[in-house]
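Worksheet for the structure shown next.
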Amino acid sequence: MSAQKKKNEFIYFSSRNPKLLAGVSIILLFLILGLIGPSLTDHDPFAYANPLGAQPPSSGYWFGTTFFGQDVFSQLVNGLRATFLVGAIGGGLGTLLGMLIGFTAGYRGGVVDEILNALTNIVLVIPTLAVLLIIAAYLEVRSIFTECLFIGLTAWPWAARAIRAQTFSLRTRDFVDLARMSGMRPLKIIFTEIAPNMMSYLLLVFILQFGGAILTAATLDFIGLGPTNAISLGMMMQYSVMWGALQLGTWWWFIPPGLAITIIVGALYSMNVGLDEVFNPKLREM
Amino acid sequence: MGLQVENLTIYYQTLSGDVRALENATFSLEGGEIMGLAGESGCGKTTLGHSLIFLAPPMKYVGGRVLLDGEELPIQDMEKMNEFRFRDISIIPQYAMNALNPIRKIGRMTEELLQAKKVDFKAVLPELKRRLDLVKLPHDVLDLYPIELSGGMKQRMVMVVSTLLDPSLLIADEITSALDVASQKAVAEMLVEFRDQDCCKSAIVITHDISILYQIADSIMIMYAGQVAEKASTRTIIHSPRHPYTKLLISSLPEIGVKYSERQLTGIPGKPPLLLDPPPGCRFRDRCPIAFDKCLEVPPFVEIEKGHFVACWKEAGNA
Amino acid sequence: MLKLDKVTKIYRVGTFGGKELHAVSEVSFEVRDREVVSLIGESGSGKSTIGKMILHLVSISDGSILLDDLDVAALKGEALKEYYRKVQGVFQDPFSSYNPIFKADRIFQTIHDEFYPDVSAGEWSAKVERTLKDVGLNPEHVLDKFPHQLSGGQLQRFLIARALLLDIKFLVADEIISMLDASTRIDVLNLLAGLKELGLSILFITHDLSLANYISERAVILYRGCVAEMGATEKIFTNPRHPYTQMLIASVPRLDRKWEAQASVESKCAPTGYASGCVYYDRCPLAFGKCKRRPIPLEIEPGHFVACWKAAEPPV
Ligand SMILES: Nc1ncnc2c1ncn2[C@@H]1O[C@H](COP(=O)(O)OP(=O)(O)O)[C@@H](O)[C@H]1O
Ligand SMILES: Nc1ncnc2c1ncn2[C@@H]1O[C@H](COP(=O)(O)OP(=O)(O)O)[C@@H](O)[C@H]1O
Ligand code: SF4
Ligand SMILES: [Mg+2]
Ligand SMILES: [Mg+2]
């Protein structure tokens with residue numbers, strides 16, 4: 001099938017897939033909120049703005065204030081930025097590493113494949129969280145970027161596996177042999193012949209890595225290993241629990257970040273299922 | 001008796017519109033007849049075979065009727081056809097032999113298949129064994145996995161299973177295409193043997209390889225771009241075809257013994273029309289060396305001699 | 001010109017590559033200048049593996065392939081690229097030979113980029129058009145199209161044109177017409193036969209004996225990775241001496257003659273493990289004691305080799 005026809009079909013089925021549409025709209029909504037949210041409020045996320053401490057939502061503080069009188073809305077929209085940053089950079093790094101290892105193993109095969117496969121398996125069985133805990137505990141100042149780096153460096157194995165399997169099956173297609181007989185170098189073959197055929201697949205991998213990174217970051221933040229110099233949704237939850245929001249009944253402190261994470265990750269998975277249906281004719285509902 | 005097909009029209013529903021894969025097919029098959037169905041790939045052979053037994057979307061029934069041994073088949077009703085499938089009409093689908101589940105033993109697979117058709121496996125086992133003898137397969141194939149069988153053996157096993165209930169009509173879709181010449185011969189000859197032994201009364205053998213049909217078929221029907229072009233006895237089709245497409249097709253076959261250096265064969269220039277929006281009239285028109293203005297209308301499929309049907313305006317007057 | 005000497009290919013299969021599969025065993029033959037040689041065998045007999053070893057797409061386990069004294073196995077980098085200027089291949093499945101998401105004529109662009117970067121774009125497209133006409137295509141009809149918009153025959157001609165853009169000396173044609181229809185098949189076959197006049201040598205891989213006979217001067221019959229018989233096509237077809245060749249020729253469906261009633265012989269077991277005997281042993285109606293050793297190709301008449309103990313014996 002041609003790219004032309006494929007594109008049309010892609011648009012046709014995408015625009016009729018409720019799961020994909022719902023997922024994309026929700027993500028866009030949150031992204032916009034994260035982008036323009038901070039300019040909608042004058043309150044600094046860290047400033048002890050409300051001298052009254054924890055107060056429920058009001059016209060001055062749309063989502064209420066924390067135990068310390070910080071504006072929850074301001075924290076939330078700034079936290080969203082952090083969340084998307086982690087998703088994009090951490091998930092992106094995981095995808096890139098997965099591609100590098102997956103393509104190499106799948107294209108080269110043989111011994112190279114076996115070595116990379118072993119490496120993948122090792123990283124896969126290492127208890128990621130434990131390692132992250134140890135490393136994170138050593139660093140005094142942690143930025144969002146260090147967090148992204150941790151996540152990216154540990155999340156690639158299953159992406160590598162999936163990409164390797166796809167590369168393996170594409171490599172045996174005659175057009176790859178034809179490219180070899182044109183004197184093209186392996187790297188060029190991978191990027192000009194194999195990868196373009198897997199675009200849809202790589203997109204799915206990236207979305208899953210994106211969601212995974214957000215969840216891992218939230219977990220890290222929640223147990224107190226998040227960035228020391230920024231605010232994130234996970235950290236909001238950590239503080240709220242640490243300062244007894246549950247016991248005090250200040251629900252406006254922990255519900256917004258918790259709900260935001262759940263909805264974002266849920267929307268990403270919905271997008272993933274939707275895209276899968278769009279790309280895979282067998283799953284399409286006619 | 002046998003099979004009568006009248007004006008059968010089948011389309012495929014797609015996003016871009018209907019693919020008119022079978023248009024107004026009319027032909028009949030006597031009891032005991034092995035009919036070969038040949039034509040270029042994409043001309044609707046599989047569509048015809050499938051529509052008689054398994055008319056499922058995206059395939060769409062548009063018109064026509066089918067009678068088997070005098071009784072009308074409810075081909076457009078998947079449910080009602082269940083009663084006829086396998087018992088009265090059976091099919092060996094294209095690529096069936098590659099579709100065998102590799103991790104199921106042949107015997108187990110057969111048993112499951114029969115159970116699905118509510119047939120008692122124990123009761124038919126003796127007959128199954130007799131049939132295995134007939135196709136020269138040892139009884140212990142039932143304990144083997146499909147990968148342990150060669151292509152020819154698998155294909156014969158598929159034949160045995162699909163004809164176990166003595167259907168009136170067997171449709172065999174490209175069963176020899178993936179085999180080497182020796183296995184092709186064995187499988188093709190088996191098919192004739194099956195008919196002779198009444199394992200099936202008549203058969204439609206779909207293939208693009210006319211020289212195999214010459215070996216085993218009683219009659220041959222040629223299709224072109226979703227339309228039936230010609231049907232006649234095997235002898236007639238090979239030695240005195242009347243439709244220009246059949247003539248060109250037969251003359252383009254490289255026979256053994258012909259060498260490029262001595263005599264160059266020629267192909268048929270052009271290519272078949274797309275069935276999404278086929279041209280009106282005879283669909284062979286733009287490739288036909290003898291086309292004339294009349295060919296803008298669909299030629300009727302007329303009997304020009306006993307048992308020899310042609311859909312060509314040049315021949316229509318001879319009816 | 002191209003010479004295969006005891007070429008062997010062993011694939012490691014099974015879990016941990018524990019089992020060996022002898023896809024090709026000690027195959028020797030040569031293809032001379034301006035000669036079409038057919039490589040005939042049933043599916044799985046190792047034809048494509050031989051083709052791909054010649055094209056340096058699959059490594060050689062043992063033996064050697066020489067192109068005018070150049071050791072093909074040792075080629076790397078620039079030398080390999082130079083080799084591909086002279087040796088090219090066309091494969092069975094025209095659709096799999098194109099990257100489905102790009103236009104079909106991208107294969108010409110690749111040749112331009114990789115081999116002729118100095119040729120100007122205008123000059124190149126003129127050359128492409130000329131070559132397309134040479135292979136019987138109308139450039140206007142076939143350029144700027146996606147693979148699915150072209151027929152199998154057109155795609156195969158495209159691939160032949162691609163090879164011709166390189167001024168090749170040797171072409172491996174691996175079942176290039178088996179997926180084409182009878183009506184277009186013969187045109188592609190004629191085109192191939194015509195190339196010989198341009199000074200090309202061709203290894204024509206097929207499982208169809210009548211096609212091999214139509215186009216080639218010499219034929220090599222392969223059975224389970226071993227050469228069963230080889231020689232002038234005439235001799236093989238009129239005087240087949242290996243029982244496998246004899247059976248093949250008797251089984252070919254022909255339009256001028258019905259099959260003989262003789263029962264066809266089929267293998268009794270799946271093609272695995274042939275320790276040391278003749279690979280045809282389990283199917284052979286003539287097999288006798290000596291056949292437990294592997295027969296070596298013997299020249300029974302000038303240029304006609306047969307690997308069969310029975311055929312090597314003087315007729316009684
Ligand atoms: N599932 C499908 N959807 C749309 N078109 C189809 C489908 N299957 C087959 N066709 C079209 O119907 C025509 C006849 O196909 P088929 O019966 O498979 O031909 P044959 O068996 O003679 O090669 C072809 O033009 C093919 O493209
Ligand atoms: N990459 C591979 N790994 C393992 N076995 C292979 C591979 N490629 C081919 N084979 C095996 O080698 C044998 C010869 O294959 P091939 O050369 O493709 O035969 P042909 O082209 O004659 O059909 C077959 O048994 C096949 O299964
Ligand atoms: S060597 Fe023996 S087994 Fe092999 S083909 Fe000749 S007679 Fe048959
Ligand atoms: Mg078909
Ligand atoms: Mg092959």
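Each chain in the structure tokens gets a letter, A, B, ..., in the order shown, and its residues are numbered from 1; ligands are numbered from 1 in order too.
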
Chain B contacts on chain C, only C-alpha atoms, 7 Å, as a ChimeraX atom specification: /C:42-43,181-184,186-187,210-211,213-215,248,251-255,258-259,264,266,270

Just want the residues within 7 Å of ligand 2, written as a list in words, counting only C-alpha atoms and all ligand atoms.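 Residues satisfying the distance criterion: Tyr11, Arg12, Val13, Leu21, Ala23, Gly41, Glu42, Ser43, Gly44, Ser45, Gly46, Lys47, Ser48, Thr49 and Ile50 of chain C.
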
Please write out the residues within 9 Å of ligand 4 as a ChimeraX atom specification, counting only C-alpha atoms and all ligand atoms. /B:41-47,49,93-94,173-174,206-208

Please write the residues from the selection above to a file, keeping N, CA, C and O atoms, as a PDB file, in the first residue's frame.
ATOM      1  N   SER B  41      -3.790 -14.069 -12.001  1.00  0.00           N
ATOM      2  CA  SER B  41      -4.101 -13.829 -10.594  1.00  0.00           C
ATOM      3  C   SER B  41      -4.899 -12.538 -10.462  1.00  0.00           C
ATOM      4  O   SER B  41      -4.687 -11.583 -11.203  1.00  0.00           O
ATOM      5  N   GLY B  42      -5.850 -12.552  -9.554  1.00  0.00           N
ATOM      6  CA  GLY B  42      -6.712 -11.384  -9.377  1.00  0.00           C
ATOM      7  C   GLY B  42      -7.930 -11.397 -10.263  1.00  0.00           C
ATOM      8  O   GLY B  42      -8.701 -10.445 -10.275  1.00  0.00           O
ATOM      9  N   CYS B  43      -8.171 -12.473 -11.031  1.00  0.00           N
ATOM     10  CA  CYS B  43      -9.313 -12.479 -11.941  1.00  0.00           C
ATOM     11  C   CYS B  43     -10.579 -12.958 -11.254  1.00  0.00           C
ATOM     12  O   CYS B  43     -11.638 -12.964 -11.851  1.00  0.00           O
ATOM     13  N   GLY B  44     -10.488 -13.378  -9.990  1.00  0.00           N
ATOM     14  CA  GLY B  44     -11.703 -13.733  -9.261  1.00  0.00           C
ATOM     15  C   GLY B  44     -11.909 -15.224  -9.017  1.00  0.00           C
ATOM     16  O   GLY B  44     -12.996 -15.626  -8.630  1.00  0.00           O
ATOM     17  N   LYS B  45     -10.868 -16.015  -9.223  1.00  0.00           N
ATOM     18  CA  LYS B  45     -11.008 -17.463  -9.034  1.00  0.00           C
ATOM     19  C   LYS B  45     -11.319 -17.803  -7.584  1.00  0.00           C
ATOM     20  O   LYS B  45     -12.273 -18.515  -7.281  1.00  0.00           O
ATOM     21  N   THR B  46     -10.503 -17.275  -6.680  1.00  0.00           N
ATOM     22  CA  THR B  46     -10.721 -17.548  -5.256  1.00  0.00           C
ATOM     23  C   THR B  46     -12.071 -16.992  -4.814  1.00  0.00           C
ATOM     24  O   THR B  46     -12.791 -17.632  -4.050  1.00  0.00           O
ATOM     25  N   THR B  47     -12.417 -15.826  -5.321  1.00  0.00           N
ATOM     26  CA  THR B  47     -13.698 -15.218  -4.967  1.00  0.00           C
ATOM     27  C   THR B  47     -14.851 -16.148  -5.336  1.00  0.00           C
ATOM     28  O   THR B  47     -15.748 -16.391  -4.528  1.00  0.00           O
ATOM     29  N   GLY B  49     -14.742 -19.437  -5.809  1.00  0.00           N
ATOM     30  CA  GLY B  49     -14.703 -20.635  -4.965  1.00  0.00           C
ATOM     31  C   GLY B  49     -15.239 -20.347  -3.574  1.00  0.00           C
ATOM     32  O   GLY B  49     -16.094 -21.071  -3.063  1.00  0.00           O
ATOM     33  N   PRO B  93      -8.836 -24.505   1.064  1.00  0.00           N
ATOM     34  CA  PRO B  93      -8.504 -23.119   0.751  1.00  0.00           C
ATOM     35  C   PRO B  93      -7.071 -22.970   0.272  1.00  0.00           C
ATOM     36  O   PRO B  93      -6.215 -23.815   0.557  1.00  0.00           O
ATOM     37  N   GLN B  94      -6.831 -21.866  -0.438  1.00  0.00           N
ATOM     38  CA  GLN B  94      -5.476 -21.522  -0.855  1.00  0.00           C
ATOM     39  C   GLN B  94      -4.622 -21.447   0.416  1.00  0.00           C
ATOM     40  O   GLN B  94      -5.089 -20.955   1.429  1.00  0.00           O
ATOM     41  N   ASP B 173      -8.426 -24.952  -4.067  1.00  0.00           N
ATOM     42  CA  ASP B 173      -7.862 -23.673  -4.497  1.00  0.00           C
ATOM     43  C   ASP B 173      -6.339 -23.707  -4.485  1.00  0.00           C
ATOM     44  O   ASP B 173      -5.721 -23.688  -3.429  1.00  0.00           O
ATOM     45  N   GLU B 174      -5.754 -23.713  -5.664  1.00  0.00           N
ATOM     46  CA  GLU B 174      -4.283 -23.673  -5.806  1.00  0.00           C
ATOM     47  C   GLU B 174      -3.589 -24.720  -4.947  1.00  0.00           C
ATOM     48  O   GLU B 174      -2.618 -24.418  -4.264  1.00  0.00           O
ATOM     49  N   ILE B 206      -9.013 -24.979  -8.834  1.00  0.00           N
ATOM     50  CA  ILE B 206      -8.560 -23.635  -9.173  1.00  0.00           C
ATOM     51  C   ILE B 206      -7.046 -23.637  -9.285  1.00  0.00           C
ATOM     52  O   ILE B 206      -6.350 -24.128  -8.391  1.00  0.00           O
ATOM     53  N   THR B 207      -6.521 -23.142 -10.377  1.00  0.00           N
ATOM     54  CA  THR B 207      -5.072 -23.027 -10.501  1.00  0.00           C
ATOM     55  C   THR B 207      -4.750 -22.045 -11.611  1.00  0.00           C
ATOM     56  O   THR B 207      -5.582 -21.766 -12.467  1.00  0.00           O
ATOM     57  N   HIS B 208      -3.549 -21.482 -11.558  1.00  0.00           N
ATOM     58  CA  HIS B 208      -3.165 -20.641 -12.678  1.00  0.00           C
ATOM     59  C   HIS B 208      -2.350 -21.458 -13.666  1.00  0.00           C
ATOM     60  O   HIS B 208      -1.950 -20.958 -14.702  1.00  0.00           O
TER      61      HIS B 208
END

For a quick test of understanding: name the residues of chain C lying within 7 Å of chain A when counting only C-alpha atoms, and present them as an mmCIF file with C-alpha atoms, in the first residue's frame.
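Result written to selection.cif:
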data_model
loop_
_atom_site.group_PDB
_atom_site.id
_atom_site.type_symbol
_atom_site.label_atom_id
_atom_site.label_comp_id
_atom_site.auth_asym_id
_atom_site.auth_seq_id
_atom_site.Cartn_x
_atom_site.Cartn_y
_atom_site.Cartn_z
ATOM 1 C CA LEU C 57 24.434 -11.488 1.206
ATOM 2 C CA LYS C 81 30.889 -1.884 -3.575
ATOM 3 C CA TYR C 84 28.217 -4.743 -6.797
ATOM 4 C CA GLN C 88 23.588 -7.772 -9.126
ATOM 5 C CA SER C 96 8.970 -7.550 -1.112
ATOM 6 C CA SER C 97 11.816 -6.009 -3.108
ATOM 7 C CA TYR C 98 10.397 -2.533 -2.643
ATOM 8 C CA ASN C 99 10.047 -0.574 0.516
ATOM 9 C CA PRO C 100 6.274 -0.216 0.505
ATOM 10 C CA ILE C 101 6.241 3.276 1.960
ATOM 11 C CA PHE C 102 8.358 4.836 -0.768
ATOM 12 C CA ILE C 111 21.962 3.752 -7.320
ATOM 13 C CA GLU C 114 25.696 5.410 -4.035
ATOM 14 C CA PHE C 146 4.146 3.544 -5.535
ATOM 15 C CA HIS C 148 1.305 -1.185 -5.364
#

Counting only C-alpha atoms, the option among B:Pro300, B:Pro57, B:Phe194, B:Ser168 closest to chain A: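 Ranking B:Pro300, B:Pro57, B:Phe194, B:Ser168 by distance to chain A, first place goes to B:Pro57.
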
Range 166-257 of chain C: which residues are strand (DSSP E) by DSSP, as a list of chain:residue names?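 Across range 166-257 of chain C, those assigned strand (DSSP E) are C:Phe170, C:Leu171, C:Val172, C:Ala173, C:Asp174, C:Ser201, C:Ile202, C:Leu203, C:Phe204, C:Ile205, C:Thr206, C:Arg218, C:Ala219, C:Val220, C:Ile221, C:Leu222, C:Tyr223, C:Cys226, C:Val227, C:Ala228, C:Glu229, C:Met230, C:Gly231, C:Ala232.
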
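From CA of Val24 in chain C back to CA of Glu313 in chain C, the distance works out to 26.0 Å.
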
May I ask you to extract the residues of chain B within 12 Å of chain A, using only C-alpha atoms, and to give them as a list of chain:residue names? B:Gln13, B:Thr14, B:Leu15, B:Ser16, B:Pro57, B:Pro58

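You will find CA of Arg142 in chain A at 15.3 Å from CA of Thr219 in chain A.
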
Residues within 10 Å of Glu301 in chain C, only C-alpha atoms, excluding chain neighbours under 3 positions, as a PDB file with N, CA, C and O atoms, in the first residue's frame:
ATOM      1  N   GLY C 231      24.979 -30.024 -16.997  1.00  0.00           N
ATOM      2  CA  GLY C 231      25.511 -30.128 -18.340  1.00  0.00           C
ATOM      3  C   GLY C 231      24.699 -29.266 -19.278  1.00  0.00           C
ATOM      4  O   GLY C 231      23.891 -28.451 -18.832  1.00  0.00           O
ATOM      5  N   LYS C 235      21.248 -31.815 -23.402  1.00  0.00           N
ATOM      6  CA  LYS C 235      21.602 -33.180 -22.989  1.00  0.00           C
ATOM      7  C   LYS C 235      20.796 -33.596 -21.781  1.00  0.00           C
ATOM      8  O   LYS C 235      20.336 -34.733 -21.678  1.00  0.00           O
ATOM      9  N   LEU C 298      30.304 -37.183 -11.767  1.00  0.00           N
ATOM     10  CA  LEU C 298      31.212 -37.858 -12.681  1.00  0.00           C
ATOM     11  C   LEU C 298      30.874 -37.444 -14.116  1.00  0.00           C
ATOM     12  O   LEU C 298      29.701 -37.342 -14.461  1.00  0.00           O
ATOM     13  N   HIS C 304      28.912 -33.291 -19.326  1.00  0.00           N
ATOM     14  CA  HIS C 304      27.679 -33.779 -18.701  1.00  0.00           C
ATOM     15  C   HIS C 304      28.044 -34.560 -17.431  1.00  0.00           C
ATOM     16  O   HIS C 304      28.589 -35.659 -17.514  1.00  0.00           O
ATOM     17  N   PHE C 305      27.758 -33.955 -16.268  1.00  0.00           N
ATOM     18  CA  PHE C 305      28.142 -34.565 -14.993  1.00  0.00           C
ATOM     19  C   PHE C 305      26.929 -35.154 -14.290  1.00  0.00           C
ATOM     20  O   PHE C 305      25.861 -34.528 -14.256  1.00  0.00           O
ATOM     21  N   VAL C 306      27.088 -36.320 -13.696  1.00  0.00           N
ATOM     22  CA  VAL C 306      25.994 -36.936 -12.950  1.00  0.00           C
ATOM     23  C   VAL C 306      26.529 -37.444 -11.621  1.00  0.00           C
ATOM     24  O   VAL C 306      27.561 -38.130 -11.581  1.00  0.00           O
TER      25      VAL C 306
END

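A straight line drawn from CA of Ser178 in chain C to CA of Ile160 in chain C is 15.3 Å long.
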
Counting only C-alpha atoms and all ligand atoms, what are the residues, protein, DNA or RNA alike, that approach ligand 3 to within 6 Å? I want them as a PyMOL selection string. chain C and resi 242-243+278+280-281+284+286-287+291+295+308-310

Filtering to N, CA and C atoms, could you give me those residues as a compact mmCIF listing (two decimals), in the first residue's frame?
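Dumped everything to part.txt:
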# COMPACT_ATOMS: atom_id res chain seq x y z
N HIS C 242 20.43 -38.93 -14.13
CA HIS C 242 20.19 -39.11 -12.70
C HIS C 242 18.73 -39.47 -12.50
N PRO C 243 18.44 -40.46 -11.66
CA PRO C 243 17.03 -40.84 -11.48
C PRO C 243 16.15 -39.67 -11.02
N CYS C 278 23.91 -40.95 -0.48
CA CYS C 278 23.33 -40.14 -1.54
C CYS C 278 22.09 -39.47 -0.98
N TYR C 280 19.54 -38.63 -2.39
CA TYR C 280 18.30 -39.07 -3.04
C TYR C 280 17.94 -40.50 -2.61
N TYR C 281 18.76 -41.06 -1.75
CA TYR C 281 18.64 -42.47 -1.39
C TYR C 281 17.23 -42.89 -1.00
N CYS C 284 14.91 -43.01 -4.07
CA CYS C 284 15.40 -43.52 -5.34
C CYS C 284 14.96 -44.95 -5.61
N LEU C 286 16.26 -46.88 -7.80
CA LEU C 286 17.40 -47.67 -8.26
C LEU C 286 18.44 -47.90 -7.18
N ALA C 287 18.20 -47.37 -5.99
CA ALA C 287 19.25 -47.38 -4.96
C ALA C 287 19.77 -48.79 -4.69
N CYS C 291 25.12 -46.89 -2.66
CA CYS C 291 24.53 -45.56 -2.50
C CYS C 291 24.59 -45.07 -1.07
N PRO C 295 27.68 -40.07 -3.69
CA PRO C 295 28.30 -40.11 -5.02
C PRO C 295 28.90 -38.76 -5.38
N CYS C 308 25.61 -39.95 -9.45
CA CYS C 308 24.79 -41.13 -9.18
C CYS C 308 25.63 -42.36 -9.44
N TRP C 309 25.65 -43.27 -8.49
CA TRP C 309 26.48 -44.47 -8.65
C TRP C 309 25.97 -45.33 -9.79
N LYS C 310 24.65 -45.35 -9.93
CA LYS C 310 24.06 -46.20 -10.97
C LYS C 310 24.44 -45.67 -12.35

Neighbour list for range 130-135 of chain C as a list in words, cut-off 10 Å, only C-alpha atoms, skip fewer than 3 positions in-chain: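 That gives Trp124, Ser125, Ala126, Lys127, Asn138, Pro139, Glu140, Val142, Leu143, Gln154, Gln156, Arg157, Phe158, Leu159, Ile160, Ala161, Arg162, Ala163, Leu164, Leu165, Asp187, Val188, Leu191, Leu192, Gly194 and Leu195 of chain C.
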
Include N, CA, C and O atoms and write out the residues we just selected as a short mmCIF file (atom, residue, chain, number, x, y, z; two decimals), in the first residue's frame.
data_model
loop_
_atom_site.label_atom_id
_atom_site.label_comp_id
_atom_site.auth_asym_id
_atom_site.auth_seq_id
_atom_site.Cartn_x
_atom_site.Cartn_y
_atom_site.Cartn_z
N TRP C 124 21.20 11.92 -15.15
CA TRP C 124 20.80 10.66 -14.56
C TRP C 124 19.38 10.29 -14.98
O TRP C 124 19.11 9.15 -15.38
N SER C 125 18.47 11.26 -14.91
CA SER C 125 17.10 10.87 -15.25
C SER C 125 16.98 10.52 -16.72
O SER C 125 16.17 9.67 -17.10
N ALA C 126 17.83 11.12 -17.57
CA ALA C 126 17.83 10.71 -18.97
C ALA C 126 18.28 9.26 -19.08
O ALA C 126 17.72 8.46 -19.83
N LYS C 127 19.30 8.92 -18.29
CA LYS C 127 19.83 7.56 -18.33
C LYS C 127 18.76 6.57 -17.83
O LYS C 127 18.58 5.49 -18.40
N ASN C 138 7.37 2.11 -20.48
CA ASN C 138 7.18 3.50 -20.86
C ASN C 138 7.38 4.35 -19.61
O ASN C 138 6.58 4.31 -18.69
N PRO C 139 8.49 5.15 -19.58
CA PRO C 139 8.82 5.89 -18.36
C PRO C 139 7.64 6.71 -17.84
O PRO C 139 7.41 6.77 -16.64
N GLU C 140 6.88 7.31 -18.74
CA GLU C 140 5.76 8.13 -18.30
C GLU C 140 4.75 7.34 -17.47
O GLU C 140 4.12 7.87 -16.57
N VAL C 142 5.37 4.61 -15.62
CA VAL C 142 5.82 3.87 -14.45
C VAL C 142 6.59 4.71 -13.44
O VAL C 142 6.70 4.31 -12.28
N LEU C 143 7.09 5.87 -13.85
CA LEU C 143 7.85 6.66 -12.88
C LEU C 143 6.90 7.35 -11.91
O LEU C 143 5.71 7.56 -12.21
N GLN C 154 5.91 -5.23 -14.13
CA GLN C 154 6.56 -3.92 -14.21
C GLN C 154 7.61 -3.77 -13.11
O GLN C 154 8.70 -3.26 -13.35
N GLN C 156 9.30 -6.17 -11.67
CA GLN C 156 10.47 -6.98 -11.97
C GLN C 156 11.33 -6.32 -13.04
O GLN C 156 12.55 -6.34 -12.97
N ARG C 157 10.71 -5.70 -14.02
CA ARG C 157 11.50 -4.99 -15.03
C ARG C 157 12.24 -3.81 -14.42
O ARG C 157 13.36 -3.50 -14.82
N PHE C 158 11.61 -3.17 -13.47
CA PHE C 158 12.26 -2.08 -12.75
C PHE C 158 13.55 -2.58 -12.13
O PHE C 158 14.59 -1.93 -12.19
N LEU C 159 13.47 -3.75 -11.51
CA LEU C 159 14.65 -4.29 -10.84
C LEU C 159 15.73 -4.65 -11.84
O LEU C 159 16.92 -4.48 -11.58
N ILE C 160 15.30 -5.16 -12.99
CA ILE C 160 16.28 -5.47 -14.02
C ILE C 160 16.91 -4.16 -14.51
O ILE C 160 18.13 -4.06 -14.67
N ALA C 161 16.09 -3.14 -14.68
CA ALA C 161 16.61 -1.84 -15.11
C ALA C 161 17.61 -1.31 -14.09
O ALA C 161 18.65 -0.76 -14.44
N ARG C 162 17.30 -1.48 -12.82
CA ARG C 162 18.19 -1.04 -11.76
C ARG C 162 19.57 -1.68 -11.93
O ARG C 162 20.60 -1.03 -11.82
N ALA C 163 19.56 -2.99 -12.21
CA ALA C 163 20.82 -3.69 -12.39
C ALA C 163 21.55 -3.19 -13.63
O ALA C 163 22.77 -3.03 -13.63
N LEU C 164 20.78 -2.89 -14.68
CA LEU C 164 21.42 -2.46 -15.93
C LEU C 164 22.04 -1.08 -15.81
O LEU C 164 22.99 -0.76 -16.52
N LEU C 165 21.51 -0.26 -14.92
CA LEU C 165 22.07 1.08 -14.70
C LEU C 165 23.53 0.98 -14.27
O LEU C 165 24.29 1.93 -14.38
N ASP C 187 7.30 -12.31 -21.41
CA ASP C 187 7.97 -11.07 -21.81
C ASP C 187 9.22 -10.82 -20.97
O ASP C 187 10.25 -10.43 -21.49
N VAL C 188 9.09 -11.04 -19.65
CA VAL C 188 10.24 -10.83 -18.78
C VAL C 188 11.33 -11.85 -19.13
O VAL C 188 12.52 -11.53 -19.15
N LEU C 191 13.07 -10.75 -22.20
CA LEU C 191 13.94 -9.63 -21.87
C LEU C 191 15.27 -10.15 -21.32
O LEU C 191 16.35 -9.71 -21.71
N LEU C 192 15.16 -11.11 -20.42
CA LEU C 192 16.34 -11.67 -19.78
C LEU C 192 17.24 -12.34 -20.83
O LEU C 192 18.45 -12.14 -20.87
N GLY C 194 17.38 -11.65 -23.86
CA GLY C 194 17.97 -10.61 -24.70
C GLY C 194 19.20 -9.97 -24.09
O GLY C 194 20.09 -9.51 -24.80
N LEU C 195 19.26 -9.95 -22.76
CA LEU C 195 20.38 -9.29 -22.09
C LEU C 195 21.71 -9.96 -22.41
O LEU C 195 22.76 -9.35 -22.35
#

In range 63-268 of chain C, what's alpha helix (DSSP H) per DSSP? Answer as a ChimeraX atom specification? /C:77-86,106-115,121-134,139-142,152-164,182-195,209-215,233-238,243-251

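Of the residues listed (B:Val228, B:Ile91, B:Leu37, B:Ile103), B:Val228 shows the shortest atom-to-atom separation from Glu23 in chain B; distances use only C-alpha atoms.
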
Identify, on the basis of only C-alpha atoms, every residue whose closest approach to Met97 in chain B does not exceed 8 Å; exclude the query and any residue fewer than 2 positions from it along the same chain; express the result as a list in words. Tyr95, Ala99, Leu100, Gly151, Lys154, Gln155 and Val158 of chain B
